[in-house]
file structure13.cif (mmCIF, C-alpha atoms, pLDDT in the B column; chains and numbers go by the auth columns)
data_query
loop_
_atom_site.group_PDB
_atom_site.id
_atom_site.type_symbol
_atom_site.label_atom_id
_atom_site.label_comp_id
_atom_site.label_asym_id
_atom_site.label_seq_id
_atom_site.Cartn_x
_atom_site.Cartn_y
_atom_site.Cartn_z
_atom_site.B_iso_or_equiv
_atom_site.auth_seq_id
_atom_site.auth_asym_id
ATOM 1 C CA MET A 1 -6.855 23.442 -20.001 39.00 1 A
ATOM 2 C CA GLN A 2 -3.426 24.057 -18.462 47.00 2 A
ATOM 3 C CA GLN A 3 -0.970 21.214 -18.989 54.00 3 A
ATOM 4 C CA ASP A 4 -0.221 19.191 -15.860 79.00 4 A
ATOM 5 C CA ASP A 5 3.582 19.234 -15.578 90.00 5 A
ATOM 6 C CA ILE A 6 3.666 16.529 -12.918 93.00 6 A
ATOM 7 C CA ARG A 7 1.855 14.113 -15.204 91.00 7 A
ATOM 8 C CA THR A 8 3.869 14.949 -18.321 92.00 8 A
ATOM 9 C CA ARG A 9 7.145 14.277 -16.462 94.00 9 A
ATOM 10 C CA MET A 10 6.114 10.810 -15.326 95.00 10 A
ATOM 11 C CA VAL A 11 8.418 7.881 -16.034 96.00 11 A
ATOM 12 C CA LYS A 12 7.352 4.227 -16.114 96.00 12 A
ATOM 13 C CA PHE A 13 9.094 1.769 -13.782 95.00 13 A
ATOM 14 C CA TYR A 14 8.899 -2.031 -14.070 94.00 14 A
ATOM 15 C CA ALA A 15 8.668 -4.488 -11.199 93.00 15 A
ATOM 16 C CA ARG A 16 11.640 -6.750 -10.775 87.00 16 A
ATOM 17 C CA GLY A 17 10.642 -10.252 -11.782 81.00 17 A
ATOM 18 C CA ASP A 18 7.438 -9.209 -13.572 89.00 18 A
ATOM 19 C CA ARG A 19 7.689 -6.793 -16.497 90.00 19 A
ATOM 20 C CA HIS A 20 3.894 -6.762 -16.773 92.00 20 A
ATOM 21 C CA VAL A 21 3.579 -4.798 -13.508 96.00 21 A
ATOM 22 C CA THR A 22 4.452 -1.103 -13.736 96.00 22 A
ATOM 23 C CA ILE A 23 4.052 2.141 -11.835 96.00 23 A
ATOM 24 C CA ASN A 24 4.569 5.743 -12.904 96.00 24 A
ATOM 25 C CA ALA A 25 6.610 8.241 -10.904 96.00 25 A
ATOM 26 C CA THR A 26 7.688 11.873 -11.152 96.00 26 A
ATOM 27 C CA GLN A 27 10.778 13.359 -9.522 96.00 27 A
ATOM 28 C CA GLY A 28 10.390 16.650 -7.689 96.00 28 A
ATOM 29 C CA HIS A 29 9.624 18.155 -4.275 97.00 29 A
ATOM 30 C CA PHE A 30 6.498 16.740 -2.692 96.00 30 A
ATOM 31 C CA ALA A 31 4.978 16.522 0.777 96.00 31 A
ATOM 32 C CA THR A 32 2.997 13.781 2.492 93.00 32 A
ATOM 33 C CA SER A 33 1.234 14.238 5.830 88.00 33 A
ATOM 34 C CA GLN A 34 4.403 13.133 7.655 89.00 34 A
ATOM 35 C CA SER A 35 7.382 13.784 5.369 94.00 35 A
ATOM 36 C CA HIS A 36 8.839 15.375 2.273 96.00 36 A
ATOM 37 C CA ILE A 37 9.793 13.125 -0.635 96.00 37 A
ATOM 38 C CA ASN A 38 11.580 13.493 -3.964 96.00 38 A
ATOM 39 C CA TYR A 39 9.227 11.260 -5.977 96.00 39 A
ATOM 40 C CA TYR A 40 5.488 11.267 -6.488 96.00 40 A
ATOM 41 C CA ILE A 41 4.537 7.627 -7.090 96.00 41 A
ATOM 42 C CA ASP A 42 1.344 7.040 -9.048 96.00 42 A
ATOM 43 C CA VAL A 43 -0.139 3.561 -8.487 95.00 43 A
ATOM 44 C CA THR A 44 -3.585 4.435 -9.851 95.00 44 A
ATOM 45 C CA ARG A 45 -3.531 1.926 -12.698 94.00 45 A
ATOM 46 C CA LEU A 46 -2.873 -0.992 -10.348 96.00 46 A
ATOM 47 C CA LYS A 47 -5.869 0.051 -8.263 96.00 47 A
ATOM 48 C CA VAL A 48 -8.478 0.824 -10.939 95.00 48 A
ATOM 49 C CA ARG A 49 -7.616 -1.142 -14.101 96.00 49 A
ATOM 50 C CA VAL A 50 -8.873 -4.708 -13.839 97.00 50 A
ATOM 51 C CA SER A 51 -6.197 -6.377 -15.985 96.00 51 A
ATOM 52 C CA GLU A 52 -3.345 -4.564 -14.239 97.00 52 A
ATOM 53 C CA ALA A 53 -4.759 -5.190 -10.762 97.00 53 A
ATOM 54 C CA GLU A 54 -5.090 -8.874 -11.648 97.00 54 A
ATOM 55 C CA GLU A 55 -1.448 -9.056 -12.772 97.00 55 A
ATOM 56 C CA ALA A 56 -0.278 -7.209 -9.657 97.00 56 A
ATOM 57 C CA ALA A 57 -2.231 -9.682 -7.503 98.00 57 A
ATOM 58 C CA ARG A 58 -0.445 -12.595 -9.174 97.00 58 A
ATOM 59 C CA SER A 59 2.918 -10.959 -8.478 97.00 59 A
ATOM 60 C CA LEU A 60 2.014 -10.278 -4.844 97.00 60 A
ATOM 61 C CA ARG A 61 1.005 -13.904 -4.454 97.00 61 A
ATOM 62 C CA GLN A 62 4.534 -14.918 -5.464 96.00 62 A
ATOM 63 C CA LYS A 63 5.991 -12.490 -2.923 95.00 63 A
ATOM 64 C CA LEU A 64 3.849 -13.999 -0.179 97.00 64 A
ATOM 65 C CA LEU A 65 4.378 -17.633 -1.171 95.00 65 A
ATOM 66 C CA HIS A 66 6.466 -19.547 1.408 94.00 66 A
ATOM 67 C CA ASN A 67 6.488 -16.438 3.630 96.00 67 A
ATOM 68 C CA VAL A 68 2.853 -16.232 4.754 97.00 68 A
ATOM 69 C CA GLU A 69 1.043 -19.485 5.491 96.00 69 A
ATOM 70 C CA THR A 70 -2.478 -18.558 6.595 97.00 70 A
ATOM 71 C CA VAL A 71 -4.756 -15.721 5.461 98.00 71 A
ATOM 72 C CA ASP A 72 -8.439 -15.406 6.319 98.00 72 A
ATOM 73 C CA THR A 73 -8.958 -11.699 5.693 98.00 73 A
ATOM 74 C CA ILE A 74 -7.345 -8.994 3.577 98.00 74 A
ATOM 75 C CA VAL A 75 -7.702 -5.525 5.095 98.00 75 A
ATOM 76 C CA CYS A 76 -7.364 -2.893 2.359 98.00 76 A
ATOM 77 C CA LEU A 77 -6.084 0.669 2.745 96.00 77 A
ATOM 78 C CA ASP A 78 -5.630 3.484 0.211 93.00 78 A
ATOM 79 C CA GLY A 79 -8.411 2.379 -2.141 95.00 79 A
ATOM 80 C CA THR A 80 -6.861 -1.010 -2.877 97.00 80 A
ATOM 81 C CA GLU A 81 -10.118 -2.987 -2.728 97.00 81 A
ATOM 82 C CA VAL A 82 -10.015 -4.040 -6.413 98.00 82 A
ATOM 83 C CA LEU A 83 -6.459 -5.286 -6.011 98.00 83 A
ATOM 84 C CA GLY A 84 -7.448 -6.909 -2.712 98.00 84 A
ATOM 85 C CA ALA A 85 -10.286 -8.844 -4.326 98.00 85 A
ATOM 86 C CA PHE A 86 -7.973 -10.233 -7.002 98.00 86 A
ATOM 87 C CA LEU A 87 -5.337 -11.039 -4.383 98.00 87 A
ATOM 88 C CA GLY A 88 -7.973 -12.911 -2.392 97.00 88 A
ATOM 89 C CA GLN A 89 -8.774 -15.005 -5.450 97.00 89 A
ATOM 90 C CA GLU A 90 -5.080 -15.740 -5.962 97.00 90 A
ATOM 91 C CA LEU A 91 -4.595 -16.825 -2.355 97.00 91 A
ATOM 92 C CA GLU A 92 -7.638 -19.099 -2.541 96.00 92 A
ATOM 93 C CA LYS A 93 -6.074 -21.127 -5.377 91.00 93 A
ATOM 94 C CA GLY A 94 -3.953 -23.165 -2.974 85.00 94 A
ATOM 95 C CA ASP A 95 -0.628 -23.093 -1.112 89.00 95 A
ATOM 96 C CA PHE A 96 -2.178 -20.793 1.530 95.00 96 A
ATOM 97 C CA ARG A 97 -4.218 -22.052 4.465 96.00 97 A
ATOM 98 C CA MET A 98 -7.508 -20.545 5.596 96.00 98 A
ATOM 99 C CA THR A 99 -9.534 -21.122 8.767 96.00 99 A
ATOM 100 C CA ASN A 100 -12.820 -19.627 7.521 96.00 100 A
ATOM 101 C CA LYS A 101 -15.578 -22.227 7.734 92.00 101 A
ATOM 102 C CA HIS A 102 -17.145 -21.076 4.463 91.00 102 A
ATOM 103 C CA GLU A 103 -13.780 -21.614 2.683 91.00 103 A
ATOM 104 C CA THR A 104 -13.584 -18.202 1.087 96.00 104 A
ATOM 105 C CA MET A 105 -11.696 -15.053 2.042 96.00 105 A
ATOM 106 C CA TYR A 106 -12.897 -11.747 3.475 98.00 106 A
ATOM 107 C CA VAL A 107 -11.793 -8.500 1.820 98.00 107 A
ATOM 108 C CA VAL A 108 -12.629 -5.460 3.976 98.00 108 A
ATOM 109 C CA GLU A 109 -11.509 -1.905 4.668 96.00 109 A
ATOM 110 C CA PRO A 110 -11.439 -0.034 7.983 95.00 110 A
ATOM 111 C CA GLU A 111 -13.440 3.104 8.568 94.00 111 A
ATOM 112 C CA GLU A 112 -11.704 6.288 9.745 90.00 112 A
ATOM 113 C CA ASN A 113 -13.664 8.173 12.394 89.00 113 A
ATOM 114 C CA SER A 114 -13.823 11.924 13.047 85.00 114 A
ATOM 115 C CA ILE A 115 -10.619 11.906 15.102 86.00 115 A
ATOM 116 C CA HIS A 116 -8.711 9.951 12.432 85.00 116 A
ATOM 117 C CA GLN A 117 -8.765 6.605 14.203 90.00 117 A
ATOM 118 C CA PHE A 118 -9.401 3.415 12.270 95.00 118 A
ATOM 119 C CA MET A 119 -12.344 1.274 13.355 95.00 119 A
ATOM 120 C CA PHE A 120 -14.484 -1.679 12.280 96.00 120 A
ATOM 121 C CA ARG A 121 -18.235 -1.640 12.835 95.00 121 A
ATOM 122 C CA GLU A 122 -20.125 -4.552 14.355 96.00 122 A
ATOM 123 C CA ASN A 123 -21.078 -6.144 11.027 97.00 123 A
ATOM 124 C CA ILE A 124 -17.421 -6.252 9.903 96.00 124 A
ATOM 125 C CA ARG A 125 -15.883 -7.393 13.179 97.00 125 A
ATOM 126 C CA PRO A 126 -16.504 -11.134 12.577 96.00 126 A
ATOM 127 C CA SER A 127 -14.091 -10.891 9.621 97.00 127 A
ATOM 128 C CA ILE A 128 -11.390 -9.513 11.962 98.00 128 A
ATOM 129 C CA GLU A 129 -11.794 -11.162 15.378 98.00 129 A
ATOM 130 C CA GLY A 130 -9.604 -14.251 15.620 97.00 130 A
ATOM 131 C CA LYS A 131 -8.800 -14.086 11.902 98.00 131 A
ATOM 132 C CA ASN A 132 -5.397 -14.230 10.225 98.00 132 A
ATOM 133 C CA ILE A 133 -5.006 -10.815 8.626 98.00 133 A
ATOM 134 C CA LEU A 134 -2.995 -9.597 5.654 98.00 134 A
ATOM 135 C CA LEU A 135 -2.880 -5.796 5.422 98.00 135 A
ATOM 136 C CA LEU A 136 -2.776 -4.423 1.860 98.00 136 A
ATOM 137 C CA VAL A 137 -1.536 -0.876 1.219 97.00 137 A
ATOM 138 C CA ALA A 138 -0.732 1.167 -1.871 96.00 138 A
ATOM 139 C CA THR A 139 2.367 3.108 -0.803 94.00 139 A
ATOM 140 C CA MET A 140 4.280 3.336 2.449 91.00 140 A
ATOM 141 C CA THR A 141 6.973 5.895 3.294 87.00 141 A
ATOM 142 C CA THR A 142 7.191 6.621 7.027 84.00 142 A
ATOM 143 C CA GLY A 143 4.929 3.701 7.969 86.00 143 A
ATOM 144 C CA GLU A 144 2.908 5.723 10.484 88.00 144 A
ATOM 145 C CA THR A 145 -0.457 4.970 8.851 90.00 145 A
ATOM 146 C CA VAL A 146 0.420 1.280 8.620 93.00 146 A
ATOM 147 C CA LYS A 147 1.375 1.194 12.300 94.00 147 A
ATOM 148 C CA LYS A 148 -1.973 2.777 13.176 93.00 148 A
ATOM 149 C CA SER A 149 -3.756 0.199 11.015 95.00 149 A
ATOM 150 C CA LEU A 150 -1.931 -2.729 12.598 96.00 150 A
ATOM 151 C CA GLU A 151 -2.787 -1.424 16.070 95.00 151 A
ATOM 152 C CA CYS A 152 -6.444 -1.199 15.037 96.00 152 A
ATOM 153 C CA ILE A 153 -6.485 -4.757 13.677 97.00 153 A
ATOM 154 C CA GLU A 154 -4.922 -6.112 16.859 97.00 154 A
ATOM 155 C CA TYR A 155 -7.348 -4.096 18.992 97.00 155 A
ATOM 156 C CA TYR A 156 -10.247 -5.875 17.265 97.00 156 A
ATOM 157 C CA GLY A 157 -8.642 -9.281 17.778 98.00 157 A
ATOM 158 C CA GLY A 158 -7.006 -9.816 14.398 98.00 158 A
ATOM 159 C CA ILE A 159 -3.813 -11.868 14.036 98.00 159 A
ATOM 160 C CA ILE A 160 -1.347 -10.000 11.800 98.00 160 A
ATOM 161 C CA GLN A 161 0.365 -12.221 9.227 98.00 161 A
ATOM 162 C CA GLY A 162 2.077 -9.536 7.150 98.00 162 A
ATOM 163 C CA VAL A 163 1.725 -6.434 5.018 98.00 163 A
ATOM 164 C CA ALA A 164 1.511 -6.470 1.216 98.00 164 A
ATOM 165 C CA ALA A 165 2.298 -3.222 -0.598 97.00 165 A
ATOM 166 C CA ILE A 166 2.591 -1.863 -4.097 97.00 166 A
ATOM 167 C CA PHE A 167 5.484 0.364 -2.960 96.00 167 A
ATOM 168 C CA SER A 168 7.265 0.418 0.390 95.00 168 A
ATOM 169 C CA THR A 169 10.452 1.951 1.748 92.00 169 A
ATOM 170 C CA THR A 170 10.852 -0.873 4.275 92.00 170 A
ATOM 171 C CA THR A 171 10.412 -4.622 4.580 93.00 171 A
ATOM 172 C CA ASP A 172 9.652 -4.528 8.315 95.00 172 A
ATOM 173 C CA ILE A 173 7.270 -2.529 10.511 94.00 173 A
ATOM 174 C CA ASP A 174 7.905 -3.152 14.213 91.00 174 A
ATOM 175 C CA GLY A 175 8.559 -6.830 13.535 94.00 175 A
ATOM 176 C CA THR A 176 5.792 -7.301 10.960 96.00 176 A
ATOM 177 C CA LYS A 177 7.139 -8.278 7.535 97.00 177 A
ATOM 178 C CA VAL A 178 6.285 -6.148 4.523 97.00 178 A
ATOM 179 C CA TYR A 179 6.140 -7.664 1.025 97.00 179 A
ATOM 180 C CA PRO A 180 6.292 -4.903 -1.636 97.00 180 A
ATOM 181 C CA LEU A 181 6.101 -5.108 -5.406 96.00 181 A
ATOM 182 C CA PHE A 182 8.371 -2.046 -5.621 96.00 182 A
ATOM 183 C CA ASP A 183 10.896 -0.607 -3.191 94.00 183 A
ATOM 184 C CA GLN A 184 13.462 2.206 -3.072 91.00 184 A
ATOM 185 C CA GLU A 185 15.885 0.302 -5.282 91.00 185 A
ATOM 186 C CA ASP A 186 13.351 0.468 -8.113 92.00 186 A
ATOM 187 C CA LEU A 187 13.312 4.295 -8.070 93.00 187 A
ATOM 188 C CA PRO A 188 16.888 5.633 -8.443 91.00 188 A
ATOM 189 C CA GLY A 189 17.734 8.126 -5.731 93.00 189 A
ATOM 190 C CA TYR A 190 14.385 7.887 -3.943 95.00 190 A
ATOM 191 C CA ALA A 191 14.549 9.678 -0.585 94.00 191 A
ATOM 192 C CA THR A 192 12.208 10.766 2.193 93.00 192 A
ATOM 193 C CA TYR A 193 12.949 13.529 4.681 94.00 193 A
ATOM 194 C CA ALA A 194 11.526 14.930 7.895 93.00 194 A
ATOM 195 C CA PRO A 195 10.097 18.350 6.944 94.00 195 A
ATOM 196 C CA HIS A 196 12.669 20.252 9.027 94.00 196 A
ATOM 197 C CA GLU A 197 15.519 18.286 7.386 95.00 197 A
ATOM 198 C CA CYS A 198 14.339 18.561 3.772 97.00 198 A
ATOM 199 C CA PRO A 199 17.218 19.706 1.499 96.00 199 A
ATOM 200 C CA PHE A 200 14.748 21.140 -1.047 96.00 200 A
ATOM 201 C CA CYS A 201 13.257 23.424 1.609 97.00 201 A
ATOM 202 C CA LYS A 202 16.717 24.497 2.756 96.00 202 A
ATOM 203 C CA GLN A 203 17.561 25.411 -0.856 96.00 203 A
ATOM 204 C CA GLY A 204 14.328 27.375 -1.197 96.00 204 A
ATOM 205 C CA THR A 205 12.799 24.962 -3.731 96.00 205 A
ATOM 206 C CA PRO A 206 9.002 25.284 -3.468 95.00 206 A
ATOM 207 C CA LEU A 207 6.740 22.289 -2.939 95.00 207 A
ATOM 208 C CA GLU A 208 4.963 21.116 -6.085 95.00 208 A
ATOM 209 C CA ALA A 209 2.105 19.179 -4.510 95.00 209 A
ATOM 210 C CA MET A 210 0.665 17.433 -1.477 96.00 210 A
ATOM 211 C CA VAL A 211 0.584 13.716 -2.202 95.00 211 A
ATOM 212 C CA ASN A 212 -0.767 10.496 -0.739 91.00 212 A
ATOM 213 C CA ALA A 213 -1.714 7.033 -1.963 87.00 213 A
ATOM 214 C CA TYR A 214 -4.845 8.439 -3.641 91.00 214 A
ATOM 215 C CA GLY A 215 -3.068 11.054 -5.760 92.00 215 A
ATOM 216 C CA TYR A 216 -1.813 14.623 -5.568 94.00 216 A
ATOM 217 C CA SER A 217 -3.047 18.173 -5.141 94.00 217 A
ATOM 218 C CA LYS A 218 -0.879 20.838 -6.761 92.00 218 A
ATOM 219 C CA LEU A 219 0.109 23.858 -4.683 86.00 219 A
#
call {"tool": "encode", "arguments": {"input": "structure13.cif", "output": "structure tokens"}}
result
Amino acid sequence: MQQDDIRTRMVKFYARGDRHVTINATQGHFATSQSHINYYIDVTRLKVRVSEAEEAARSLRQKLLHNVETVDTIVCLDGTEVLGAFLGQELEKGDFRMTNKHETMYVVEPEENSIHQFMFRENIRPSIEGKNILLLVATMTTGETVKKSLECIEYYGGIIQGVAAIFSTTTDIDGTKVYPLFDQEDLPGYATYAPHECPFCKQGTPLEAMVNAYGYSKL
């Protein structure tokens, strides 16, 4: 089997304030659906390993504490349902209010239809309508997918309380606060570019892979 250069070049980065939470990242020339970036960020372990997802949930709870007061539902994007379930448990321990009559939290994900719009079917809508919503994402660069998700939640009657993220380039999306475990300061020199402004492309450096929050596909 041919050696995967992207994986062998990965470097481990530690979350500020919690050395138990880590991500891996590789420097290079990568493309997302909206931009070109100089790091591929791999958050797989925090999404699929129980112990690491549990630790990340504890750290996110501390980020949210005293910033978000009420959460009824966690809406998960990018395959973050395991992390979302642990975060729900953390938020149920106290210090956060909840209006659900059954005194437990919803953890749901939206469905993407054939024209790439997010939606919630009838059986899921009661966990959105009139509920205080925390959106959970894996990685956020341009924020376009998050904006689309927030619009969907509001369309179905959800009340946005904030966005929690493993990695984010911003702490604000159109007035909605973002609470990331990692940001640009954690990855030295991290940069994102519009495709027509990408310095790698201008230098003739080929793309290595298409990437998103689920992983990468080498070119």
call {"tool": "residues_around", "arguments": {"input": "structure13.cif", "residues": "stretch 203-211 of chain A", "least_positions_apart": "5", "cutoff": "9 Å", "atoms": "all atoms listed in the file", "output": "MDAnalysis selection string"}}
result
chainID A and resid 6 28:33 36 40:41 198 216:219
call {"tool": "atom_distance", "arguments": {"input": "structure13.cif", "atom1": "atom CA of A:Gly158", "atom2": "atom CA of A:Val108"}}
result
12.6 Å
call {"tool": "residues_around", "arguments": {"input": "structure13.cif", "residues": "A:Asp183", "least_positions_apart": "6", "cutoff": "6 Å", "atoms": "all atoms listed in the file", "output": "mmCIF file with C-alpha atoms, keeping the file's coordinate frame"}}
result
data_model
loop_
_atom_site.group_PDB
_atom_site.id
_atom_site.type_symbol
_atom_site.label_atom_id
_atom_site.label_comp_id
_atom_site.auth_asym_id
_atom_site.auth_seq_id
_atom_site.Cartn_x
_atom_site.Cartn_y
_atom_site.Cartn_z
ATOM 1 C CA PHE A 167 5.484 0.364 -2.960
ATOM 2 C CA SER A 168 7.265 0.418 0.390
ATOM 3 C CA THR A 169 10.452 1.951 1.748
#
call {"tool": "resolve_selection", "arguments": {"input": "structure13.cif", "expression": "the PyMOL selection byres ((chain A and resi 193) around 12)", "output": "list of chain:residue names"}}
result
A:His29, A:Phe30, A:Ala31, A:Thr32, A:Ser33, A:Gln34, A:Ser35, A:His36, A:Ile37, A:Asn38, A:Tyr39, A:Thr141, A:Thr142, A:Tyr190, A:Ala191, A:Thr192, A:Ala194, A:Pro195, A:His196, A:Glu197, A:Cys198, A:Pro199, A:Phe200, A:Cys201, A:Lys202
call {"tool": "resolve_selection", "arguments": {"input": "structure13.cif", "expression": "the PyMOL selection byres ((chain A and resi 43-58) around 7)", "output": "PyMOL selection string"}}
result
chain A and resi 21+23-24+41-42+59-62+80+82-83+86-87+90
call {"tool": "closest_residue", "arguments": {"input": "structure13.cif", "among": "A:Lys12, A:His102, A:Lys147, A:His66", "to": "A:Leu135", "atoms": "only C-alpha atoms"}}
result
A:Lys147
